[in-house]
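Right, one structure below, let's go through it.
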Amino acid sequence: MAERKRSWLDGPQIPGENDEIGEGKWPGERIGLPEKGSGAQASVARRAGAVLIDWVIAMIIASFIIMFTDALGGQATVQLLVWIVIGIVGGWLFARTPGMALLGMGVARIDVDGARVGLWRAAVRTILTAFVLPAALVDSDGRGMHDRATGTTVIMA
């Protein structure tokens, strides 16, 4: 079987949970995701775009907050805190952040079909993503380390 061509937009690859099964024909095949369309694995580039959108939203909100108080710290600190709140609340209540929603994606659990992501998964995913490295390292199924840690993946809506 020919190996799927990777680009720098796919991010660095780490060993996958399902590597012993063999290479999938498309990202997410080995975890039961379709190749294309709704429910397919979202690309790393698309997910990075969603994070950027969320970061801009957090920057705007943080700018308004620091106009009235500096009790939470400077712009960068407040922006990170707002971004974390957006990620946790969005993931928990809506299974997507505003950036994911704008780009047609959502977070799904891979262990139970149709189950909600839940508060603890949303919190762990967001906090790990804040460290950047776990989200940038992806396995052959296209899942970041933060998704593997929480049993989730980002899919097309």
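The chains in the structure tokens are called A, B, ... from first to last as shown; in each chain the residues are counted from 1, and the ligands are counted from 1 in the order shown.
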
Excluding A:Ala108 and any residue of its chain fewer than 2 positions from it, enumerate the residues within 10 Å of it, using only C-alpha atoms, and give them as a PyMOL selection string. chain A and resi 39+91+95-96+105-106+110-117+147+151-157

Include all heavy atoms and write out the residues we just selected as a compact mmCIF listing (two decimals), in the first residue's frame.
# COMPACT_ATOMS: atom_id res chain seq x y z
N GLY A 39 -17.97 13.97 9.84
CA GLY A 39 -17.40 12.93 10.68
C GLY A 39 -15.99 12.54 10.32
O GLY A 39 -15.36 11.75 11.02
N GLY A 91 -15.90 23.62 24.37
CA GLY A 91 -15.77 22.17 24.23
C GLY A 91 -16.77 21.41 25.08
O GLY A 91 -17.34 20.41 24.66
N ALA A 95 -19.24 21.22 22.19
CA ALA A 95 -18.32 20.31 21.49
C ALA A 95 -17.58 21.02 20.35
O ALA A 95 -17.20 20.40 19.37
CB ALA A 95 -19.04 19.07 20.97
N ARG A 96 -17.38 22.32 20.50
CA ARG A 96 -16.62 23.11 19.53
C ARG A 96 -16.37 24.50 20.10
O ARG A 96 -17.13 24.98 20.92
CB ARG A 96 -17.35 23.24 18.21
CG ARG A 96 -18.65 23.99 18.27
CD ARG A 96 -19.40 23.95 17.00
NE ARG A 96 -19.49 22.57 16.63
CZ ARG A 96 -20.19 22.07 15.64
NH1 ARG A 96 -20.88 22.87 14.91
NH2 ARG A 96 -20.20 20.81 15.36
N MET A 105 -16.05 22.45 12.13
CA MET A 105 -15.48 21.31 12.85
C MET A 105 -16.11 21.18 14.23
O MET A 105 -16.80 22.08 14.69
CB MET A 105 -13.97 21.50 13.03
CG MET A 105 -13.18 21.59 11.76
SD MET A 105 -11.43 21.82 12.06
CE MET A 105 -11.38 23.44 12.79
N GLY A 106 -15.84 20.06 14.86
CA GLY A 106 -16.28 19.84 16.23
C GLY A 106 -15.42 18.78 16.88
O GLY A 106 -14.67 18.07 16.21
N ILE A 110 -14.12 9.28 20.77
CA ILE A 110 -13.98 8.12 19.89
C ILE A 110 -14.33 6.82 20.61
O ILE A 110 -14.50 5.80 19.97
CB ILE A 110 -12.56 8.01 19.30
CG1 ILE A 110 -11.52 7.81 20.39
CG2 ILE A 110 -12.24 9.21 18.44
CD1 ILE A 110 -10.18 7.38 19.87
N ASP A 111 -14.50 6.89 21.93
CA ASP A 111 -14.81 5.67 22.67
C ASP A 111 -16.30 5.34 22.69
O ASP A 111 -16.68 4.18 22.72
CB ASP A 111 -14.26 5.74 24.09
CG ASP A 111 -14.78 6.94 24.88
OD1 ASP A 111 -15.36 7.85 24.27
OD2 ASP A 111 -14.60 6.95 26.12
N VAL A 112 -17.17 6.36 22.65
CA VAL A 112 -18.61 6.16 22.69
C VAL A 112 -19.25 7.06 21.64
O VAL A 112 -19.15 8.28 21.72
CB VAL A 112 -19.18 6.51 24.09
CG1 VAL A 112 -20.69 6.27 24.12
CG2 VAL A 112 -18.49 5.72 25.18
N ASP A 113 -19.90 6.46 20.65
CA ASP A 113 -20.54 7.25 19.60
C ASP A 113 -21.65 8.13 20.17
O ASP A 113 -22.49 7.67 20.92
CB ASP A 113 -21.15 6.34 18.52
CG ASP A 113 -20.11 5.79 17.57
OD1 ASP A 113 -19.00 6.36 17.52
OD2 ASP A 113 -20.39 4.80 16.89
N GLY A 114 -21.64 9.39 19.80
CA GLY A 114 -22.69 10.31 20.18
C GLY A 114 -22.62 10.83 21.60
O GLY A 114 -23.45 11.64 21.99
N ALA A 115 -21.66 10.37 22.40
CA ALA A 115 -21.56 10.84 23.79
C ALA A 115 -20.97 12.25 23.82
O ALA A 115 -20.18 12.63 22.96
CB ALA A 115 -20.68 9.89 24.60
N ARG A 116 -21.38 13.01 24.80
CA ARG A 116 -20.88 14.38 24.96
C ARG A 116 -19.41 14.35 25.35
O ARG A 116 -18.95 13.43 26.01
CB ARG A 116 -21.70 15.13 25.98
CG ARG A 116 -23.15 15.30 25.54
CD ARG A 116 -23.95 16.16 26.49
NE ARG A 116 -23.49 17.52 26.59
CZ ARG A 116 -23.79 18.50 25.73
NH1 ARG A 116 -24.54 18.24 24.68
NH2 ARG A 116 -23.34 19.71 25.91
N VAL A 117 -18.69 15.39 24.99
CA VAL A 117 -17.27 15.51 25.32
C VAL A 117 -17.11 15.61 26.84
O VAL A 117 -16.24 14.95 27.42
CB VAL A 117 -16.63 16.71 24.61
CG1 VAL A 117 -15.22 16.94 25.09
CG2 VAL A 117 -16.68 16.50 23.10
N ASP A 147 -5.64 15.03 22.18
CA ASP A 147 -6.82 14.23 21.82
C ASP A 147 -6.64 12.79 22.26
O ASP A 147 -7.58 12.14 22.72
CB ASP A 147 -7.09 14.30 20.32
CG ASP A 147 -7.80 15.57 19.91
OD1 ASP A 147 -8.67 16.02 20.68
OD2 ASP A 147 -7.49 16.11 18.85
N GLY A 151 -9.22 10.81 24.67
CA GLY A 151 -10.10 9.93 23.91
C GLY A 151 -11.03 10.67 22.99
O GLY A 151 -12.18 10.29 22.77
N THR A 152 -10.51 11.76 22.41
CA THR A 152 -11.31 12.59 21.51
C THR A 152 -10.59 12.77 20.18
O THR A 152 -9.44 12.38 20.03
CB THR A 152 -11.56 14.00 22.12
OG1 THR A 152 -10.29 14.63 22.33
CG2 THR A 152 -12.35 13.92 23.40
N THR A 153 -11.28 13.39 19.23
CA THR A 153 -10.66 13.78 17.97
C THR A 153 -11.47 14.95 17.41
O THR A 153 -12.61 15.16 17.81
CB THR A 153 -10.60 12.61 16.97
OG1 THR A 153 -9.75 12.97 15.87
CG2 THR A 153 -11.98 12.23 16.44
N VAL A 154 -10.87 15.70 16.51
CA VAL A 154 -11.56 16.82 15.88
C VAL A 154 -12.03 16.36 14.50
O VAL A 154 -11.25 15.90 13.69
CB VAL A 154 -10.66 18.07 15.75
CG1 VAL A 154 -11.40 19.21 15.08
CG2 VAL A 154 -10.16 18.49 17.12
N ILE A 155 -13.33 16.46 14.29
CA ILE A 155 -13.94 15.98 13.06
C ILE A 155 -14.63 17.12 12.31
O ILE A 155 -14.91 18.17 12.87
CB ILE A 155 -14.96 14.86 13.34
CG1 ILE A 155 -16.09 15.35 14.27
CG2 ILE A 155 -14.28 13.62 13.91
CD1 ILE A 155 -17.23 14.39 14.43
N MET A 156 -14.90 16.86 11.05
CA MET A 156 -15.68 17.80 10.23
C MET A 156 -17.15 17.68 10.61
O MET A 156 -17.64 16.57 10.81
CB MET A 156 -15.49 17.50 8.74
CG MET A 156 -14.05 17.63 8.26
SD MET A 156 -13.32 19.23 8.59
CE MET A 156 -14.37 20.27 7.61
N ALA A 157 -17.81 18.80 10.75
CA ALA A 157 -19.22 18.80 11.15
C ALA A 157 -20.12 18.48 9.98
O ALA A 157 -19.79 18.57 8.85
CB ALA A 157 -19.59 20.15 11.74

Contact residues around A:Gly28 with only C-alpha atoms at 12 Å, ignoring same-chain residues under 2 positions, as a VMD selection string: chain A and resid 16 to 19 23 to 26 30 to 36 39 to 43 110 138 to 144 152 to 156

File dump, residues just selected, N, CA and C atoms, as an mmCIF file, in the first residue's frame:
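Saved the output as out.cif:
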data_model
loop_
_atom_site.group_PDB
_atom_site.id
_atom_site.type_symbol
_atom_site.label_atom_id
_atom_site.label_comp_id
_atom_site.auth_asym_id
_atom_site.auth_seq_id
_atom_site.Cartn_x
_atom_site.Cartn_y
_atom_site.Cartn_z
ATOM 1 N N GLY A 16 1.402 6.125 16.545
ATOM 2 C CA GLY A 16 -0.026 6.096 16.782
ATOM 3 C C GLY A 16 -0.448 4.952 17.683
ATOM 4 N N GLU A 17 -1.621 5.093 18.270
ATOM 5 C CA GLU A 17 -2.168 4.048 19.127
ATOM 6 C C GLU A 17 -2.475 2.779 18.336
ATOM 7 N N ASN A 18 -2.779 2.946 17.059
ATOM 8 C CA ASN A 18 -3.224 1.821 16.238
ATOM 9 C C ASN A 18 -2.191 1.415 15.195
ATOM 10 N N ASP A 19 -0.925 1.749 15.402
ATOM 11 C CA ASP A 19 0.098 1.443 14.410
ATOM 12 C C ASP A 19 0.277 -0.049 14.170
ATOM 13 N N GLU A 23 -0.987 0.708 8.452
ATOM 14 C CA GLU A 23 -1.279 2.065 7.972
ATOM 15 C C GLU A 23 -2.705 2.142 7.441
ATOM 16 N N GLY A 24 -3.424 3.187 7.832
ATOM 17 C CA GLY A 24 -4.760 3.414 7.305
ATOM 18 C C GLY A 24 -4.678 4.066 5.937
ATOM 19 N N LYS A 25 -5.747 3.947 5.177
ATOM 20 C CA LYS A 25 -5.780 4.566 3.850
ATOM 21 C C LYS A 25 -5.972 6.071 3.935
ATOM 22 N N TRP A 26 -6.562 6.538 5.042
ATOM 23 C CA TRP A 26 -6.758 7.965 5.264
ATOM 24 C C TRP A 26 -6.684 8.233 6.769
ATOM 25 N N ARG A 30 -8.536 4.082 10.995
ATOM 26 C CA ARG A 30 -8.373 3.037 12.007
ATOM 27 C C ARG A 30 -9.157 3.303 13.287
ATOM 28 N N ILE A 31 -9.675 4.510 13.439
ATOM 29 C CA ILE A 31 -10.524 4.782 14.596
ATOM 30 C C ILE A 31 -11.988 4.900 14.180
ATOM 31 N N GLY A 32 -12.284 4.472 12.952
ATOM 32 C CA GLY A 32 -13.663 4.387 12.488
ATOM 33 C C GLY A 32 -14.238 5.631 11.849
ATOM 34 N N LEU A 33 -13.387 6.554 11.421
ATOM 35 C CA LEU A 33 -13.885 7.778 10.789
ATOM 36 C C LEU A 33 -13.950 7.613 9.278
ATOM 37 N N PRO A 34 -14.917 8.268 8.641
ATOM 38 C CA PRO A 34 -14.994 8.211 7.179
ATOM 39 C C PRO A 34 -13.843 8.990 6.532
ATOM 40 N N GLU A 35 -13.625 8.730 5.250
ATOM 41 C CA GLU A 35 -12.532 9.405 4.541
ATOM 42 C C GLU A 35 -12.818 10.883 4.324
ATOM 43 N N LYS A 36 -14.055 11.208 3.953
ATOM 44 C CA LYS A 36 -14.424 12.590 3.635
ATOM 45 C C LYS A 36 -15.791 12.907 4.197
ATOM 46 N N GLY A 39 -17.972 13.974 9.836
ATOM 47 C CA GLY A 39 -17.398 12.928 10.677
ATOM 48 C C GLY A 39 -15.986 12.536 10.317
ATOM 49 N N ALA A 40 -15.441 13.089 9.222
ATOM 50 C CA ALA A 40 -14.058 12.792 8.823
ATOM 51 C C ALA A 40 -13.086 13.578 9.698
ATOM 52 N N GLN A 41 -11.873 13.068 9.808
ATOM 53 C CA GLN A 41 -10.824 13.723 10.599
ATOM 54 C C GLN A 41 -10.503 15.093 10.001
ATOM 55 N N ALA A 42 -10.500 16.124 10.832
ATOM 56 C CA ALA A 42 -10.138 17.473 10.383
ATOM 57 C C ALA A 42 -8.620 17.561 10.234
ATOM 58 N N SER A 43 -8.167 18.317 9.259
ATOM 59 C CA SER A 43 -6.727 18.445 9.015
ATOM 60 C C SER A 43 -6.063 19.310 10.089
ATOM 61 N N ILE A 110 -14.119 9.282 20.772
ATOM 62 C CA ILE A 110 -13.976 8.120 19.892
ATOM 63 C C ILE A 110 -14.334 6.822 20.608
ATOM 64 N N VAL A 138 1.176 15.080 16.015
ATOM 65 C CA VAL A 138 0.046 14.258 15.603
ATOM 66 C C VAL A 138 0.510 12.851 15.250
ATOM 67 N N ASP A 139 -0.387 11.893 15.442
ATOM 68 C CA ASP A 139 -0.071 10.521 15.076
ATOM 69 C C ASP A 139 -0.570 10.238 13.657
ATOM 70 N N SER A 140 -0.437 9.010 13.214
ATOM 71 C CA SER A 140 -0.814 8.670 11.841
ATOM 72 C C SER A 140 -2.324 8.753 11.610
ATOM 73 N N ASP A 141 -3.110 8.810 12.672
ATOM 74 C CA ASP A 141 -4.552 9.000 12.538
ATOM 75 C C ASP A 141 -4.923 10.485 12.521
ATOM 76 N N GLY A 142 -3.924 11.372 12.636
ATOM 77 C CA GLY A 142 -4.177 12.803 12.606
ATOM 78 C C GLY A 142 -4.625 13.374 13.933
ATOM 79 N N ARG A 143 -4.458 12.631 15.018
ATOM 80 C CA ARG A 143 -4.870 13.090 16.342
ATOM 81 C C ARG A 143 -3.668 13.625 17.104
ATOM 82 N N GLY A 144 -3.860 14.751 17.781
ATOM 83 C CA GLY A 144 -2.815 15.309 18.621
ATOM 84 C C GLY A 144 -2.723 14.548 19.928
ATOM 85 N N THR A 152 -10.515 11.762 22.410
ATOM 86 C CA THR A 152 -11.306 12.589 21.512
ATOM 87 C C THR A 152 -10.594 12.767 20.183
ATOM 88 N N THR A 153 -11.280 13.386 19.234
ATOM 89 C CA THR A 153 -10.658 13.783 17.972
ATOM 90 C C THR A 153 -11.469 14.949 17.413
ATOM 91 N N VAL A 154 -10.865 15.696 16.508
ATOM 92 C CA VAL A 154 -11.560 16.819 15.878
ATOM 93 C C VAL A 154 -12.028 16.362 14.499
ATOM 94 N N ILE A 155 -13.327 16.461 14.290
ATOM 95 C CA ILE A 155 -13.943 15.980 13.056
ATOM 96 C C ILE A 155 -14.631 17.117 12.308
ATOM 97 N N MET A 156 -14.904 16.857 11.052
ATOM 98 C CA MET A 156 -15.677 17.800 10.235
ATOM 99 C C MET A 156 -17.146 17.676 10.614
#

A:Ile53 environment, 10 Å, only C-alpha atoms, sequence neighbours closer than 2 positions dropped, as number ranges by chain: A: 47-51, 55-59, 97-100, 102-103

Could you write out that same residue set with all heavy atoms as a compact mmCIF listing (two decimals), in the first residue's frame?
# COMPACT_ATOMS: atom_id res chain seq x y z
N ARG A 47 -7.40 22.83 11.88
CA ARG A 47 -7.47 22.95 13.33
C ARG A 47 -6.62 24.14 13.81
O ARG A 47 -7.02 24.86 14.72
CB ARG A 47 -7.02 21.65 14.01
CG ARG A 47 -7.98 20.51 13.72
CD ARG A 47 -7.72 19.27 14.54
NE ARG A 47 -6.35 18.87 14.67
CZ ARG A 47 -5.83 17.76 14.15
NH1 ARG A 47 -6.57 16.95 13.45
NH2 ARG A 47 -4.57 17.47 14.35
N ALA A 48 -5.47 24.35 13.18
CA ALA A 48 -4.62 25.50 13.53
C ALA A 48 -5.35 26.80 13.21
O ALA A 48 -5.26 27.77 13.96
CB ALA A 48 -3.29 25.43 12.79
N GLY A 49 -6.08 26.82 12.11
CA GLY A 49 -6.88 28.00 11.76
C GLY A 49 -7.93 28.30 12.81
O GLY A 49 -8.17 29.46 13.16
N ALA A 50 -8.56 27.25 13.34
CA ALA A 50 -9.58 27.43 14.38
C ALA A 50 -8.95 28.00 15.65
O ALA A 50 -9.53 28.88 16.29
CB ALA A 50 -10.27 26.10 14.67
N VAL A 51 -7.76 27.52 16.01
CA VAL A 51 -7.07 28.04 17.19
C VAL A 51 -6.73 29.51 16.98
O VAL A 51 -6.88 30.33 17.90
CB VAL A 51 -5.80 27.21 17.50
CG1 VAL A 51 -4.96 27.88 18.57
CG2 VAL A 51 -6.17 25.80 17.93
N TRP A 55 -7.95 32.59 19.20
CA TRP A 55 -6.95 33.47 19.81
C TRP A 55 -7.29 34.94 19.53
O TRP A 55 -7.15 35.78 20.42
CB TRP A 55 -5.56 33.10 19.28
CG TRP A 55 -4.45 33.72 20.06
CD1 TRP A 55 -3.62 34.71 19.65
CD2 TRP A 55 -4.05 33.39 21.39
NE1 TRP A 55 -2.73 35.02 20.65
CE2 TRP A 55 -2.98 34.22 21.74
CE3 TRP A 55 -4.52 32.47 22.33
CZ2 TRP A 55 -2.35 34.18 22.98
CZ3 TRP A 55 -3.89 32.43 23.56
CH2 TRP A 55 -2.82 33.27 23.87
N VAL A 56 -7.74 35.24 18.33
CA VAL A 56 -8.12 36.62 17.99
C VAL A 56 -9.34 37.05 18.80
O VAL A 56 -9.39 38.17 19.33
CB VAL A 56 -8.37 36.77 16.46
CG1 VAL A 56 -9.02 38.10 16.13
CG2 VAL A 56 -7.08 36.59 15.69
N ILE A 57 -10.31 36.15 18.95
CA ILE A 57 -11.48 36.45 19.78
C ILE A 57 -11.05 36.72 21.22
O ILE A 57 -11.50 37.69 21.85
CB ILE A 57 -12.51 35.30 19.71
CG1 ILE A 57 -13.13 35.23 18.31
CG2 ILE A 57 -13.59 35.46 20.78
CD1 ILE A 57 -13.95 33.98 18.06
N ALA A 58 -10.16 35.88 21.74
CA ALA A 58 -9.66 36.06 23.11
C ALA A 58 -8.91 37.38 23.24
O ALA A 58 -9.01 38.06 24.27
CB ALA A 58 -8.75 34.89 23.50
N MET A 59 -8.17 37.78 22.22
CA MET A 59 -7.43 39.03 22.24
C MET A 59 -8.38 40.22 22.33
O MET A 59 -8.15 41.16 23.10
CB MET A 59 -6.55 39.16 20.98
CG MET A 59 -5.74 40.43 20.91
SD MET A 59 -4.69 40.52 19.46
CE MET A 59 -5.88 40.46 18.14
N THR A 97 -15.29 25.08 19.66
CA THR A 97 -15.00 26.47 20.01
C THR A 97 -15.57 27.35 18.90
O THR A 97 -15.96 26.84 17.84
CB THR A 97 -13.49 26.69 20.13
OG1 THR A 97 -12.89 26.47 18.85
CG2 THR A 97 -12.87 25.77 21.17
N PRO A 98 -15.61 28.65 19.09
CA PRO A 98 -16.08 29.52 17.99
C PRO A 98 -15.27 29.33 16.70
O PRO A 98 -15.83 29.31 15.61
CB PRO A 98 -15.92 30.93 18.55
CG PRO A 98 -16.01 30.76 20.03
CD PRO A 98 -15.37 29.44 20.32
N GLY A 99 -13.95 29.18 16.82
CA GLY A 99 -13.12 28.96 15.63
C GLY A 99 -13.46 27.66 14.93
O GLY A 99 -13.52 27.60 13.70
N MET A 100 -13.68 26.61 15.69
CA MET A 100 -14.08 25.33 15.10
C MET A 100 -15.43 25.46 14.40
O MET A 100 -15.62 24.93 13.30
CB MET A 100 -14.17 24.23 16.17
CG MET A 100 -12.87 23.75 16.69
SD MET A 100 -13.21 22.48 17.94
CE MET A 100 -11.56 22.12 18.48
N LEU A 102 -16.78 28.15 13.08
CA LEU A 102 -16.63 28.93 11.84
C LEU A 102 -16.01 28.12 10.71
O LEU A 102 -16.31 28.34 9.54
CB LEU A 102 -15.79 30.18 12.10
CG LEU A 102 -16.49 31.30 12.87
CD1 LEU A 102 -15.50 32.39 13.24
CD2 LEU A 102 -17.63 31.88 12.05
N LEU A 103 -15.14 27.16 11.06
CA LEU A 103 -14.48 26.35 10.04
C LEU A 103 -15.14 24.98 9.85
O LEU A 103 -14.59 24.12 9.18
CB LEU A 103 -13.00 26.20 10.38
CG LEU A 103 -12.21 27.51 10.36
CD1 LEU A 103 -10.75 27.26 10.71
CD2 LEU A 103 -12.33 28.21 9.02

Exercise: A:Trp120 partners within 10 Å, only C-alpha atoms, chain neighbours under 4 positions left out, as number ranges by chain: A: 88, 91-92, 124-126, 150

Given the choices A:Val107, A:Phe94, A:Ala130, A:Gly37, which gets closest to A:Gln79 if the distance is worked out from only C-alpha atoms?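 Among A:Val107, A:Phe94, A:Ala130, A:Gly37, it is A:Ala130 that comes nearest to A:Gln79.
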
Pull the strand (DSSP E) assignments for stretch 2-129 of chain A out of DSSP run on the backbone, and list those residues as a list in words. Met105, Gly106, Val107, Ala108 and Arg109 of chain A

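The spacing separating atom CA of A:Gln75 from atom CA of A:Arg46 amounts to 26.3 Å.
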
Out of chain A, which residues get alpha helix (DSSP H) from DSSP, as a count of residues only? 67

Would you list the contacts of A:Ile127 as a PyMOL selection string, taking every protein, DNA or RNA residue within 12 Å and counting only C-alpha atoms, but skipping same-chain residues closer than 5 positions in sequence? chain A and resi 80-81+83-88+91+120-122+132-135+145-147+149-150

Next, dump the selected residues to file, keeping only N, CA and C atoms, as a tab-separated table (two decimals), in the first residue's frame.
chain	number	residue	atom	x	y	z
A	80	LEU	N	-4.63	34.75	27.43
A	80	LEU	CA	-4.50	33.30	27.61
A	80	LEU	C	-5.63	32.77	28.48
A	81	LEU	N	-5.95	33.47	29.57
A	81	LEU	CA	-7.03	33.02	30.44
A	81	LEU	C	-8.38	33.00	29.71
A	83	TRP	N	-8.78	32.70	26.45
A	83	TRP	CA	-8.70	31.62	25.46
A	83	TRP	C	-8.97	30.26	26.12
A	84	ILE	N	-8.45	30.06	27.32
A	84	ILE	CA	-8.68	28.81	28.05
A	84	ILE	C	-10.17	28.68	28.40
A	85	VAL	N	-10.78	29.75	28.86
A	85	VAL	CA	-12.21	29.71	29.18
A	85	VAL	C	-13.04	29.41	27.93
A	86	ILE	N	-12.71	30.05	26.81
A	86	ILE	CA	-13.41	29.79	25.55
A	86	ILE	C	-13.29	28.31	25.18
A	87	GLY	N	-12.09	27.76	25.30
A	87	GLY	CA	-11.87	26.36	24.94
A	87	GLY	C	-12.61	25.39	25.83
A	88	ILE	N	-12.57	25.63	27.13
A	88	ILE	CA	-13.24	24.72	28.07
A	88	ILE	C	-14.75	24.81	27.94
A	91	GLY	N	-15.90	23.62	24.37
A	91	GLY	CA	-15.77	22.17	24.23
A	91	GLY	C	-16.77	21.41	25.08
A	120	TRP	N	-14.49	17.45	31.95
A	120	TRP	CA	-13.08	17.10	32.20
A	120	TRP	C	-12.31	16.92	30.90
A	121	ARG	N	-12.91	16.33	29.87
A	121	ARG	CA	-12.22	16.18	28.59
A	121	ARG	C	-11.95	17.54	27.95
A	122	ALA	N	-12.95	18.42	28.00
A	122	ALA	CA	-12.78	19.76	27.44
A	122	ALA	C	-11.69	20.52	28.18
A	132	VAL	N	0.86	24.02	23.55
A	132	VAL	CA	1.18	23.96	22.12
A	132	VAL	C	1.73	22.61	21.66
A	133	LEU	N	2.78	22.12	22.29
A	133	LEU	CA	3.44	20.90	21.81
A	133	LEU	C	2.49	19.71	21.68
A	134	PRO	N	1.65	19.40	22.68
A	134	PRO	CA	0.77	18.24	22.51
A	134	PRO	C	-0.17	18.35	21.32
A	135	ALA	N	-0.60	19.56	20.98
A	135	ALA	CA	-1.51	19.73	19.85
A	135	ALA	C	-0.77	19.68	18.52
A	145	MET	N	-1.63	14.77	20.65
A	145	MET	CA	-1.44	14.10	21.93
A	145	MET	C	-2.54	14.48	22.93
A	146	HIS	N	-3.04	15.71	22.84
A	146	HIS	CA	-4.11	16.12	23.74
A	146	HIS	C	-5.40	15.36	23.45
A	147	ASP	N	-5.64	15.03	22.18
A	147	ASP	CA	-6.82	14.23	21.82
A	147	ASP	C	-6.64	12.79	22.26
A	149	ALA	N	-4.92	11.76	24.78
A	149	ALA	CA	-5.02	11.73	26.25
A	149	ALA	C	-6.46	11.75	26.73
A	150	THR	N	-7.35	12.35	25.95
A	150	THR	CA	-8.74	12.49	26.37
A	150	THR	C	-9.72	11.61	25.60
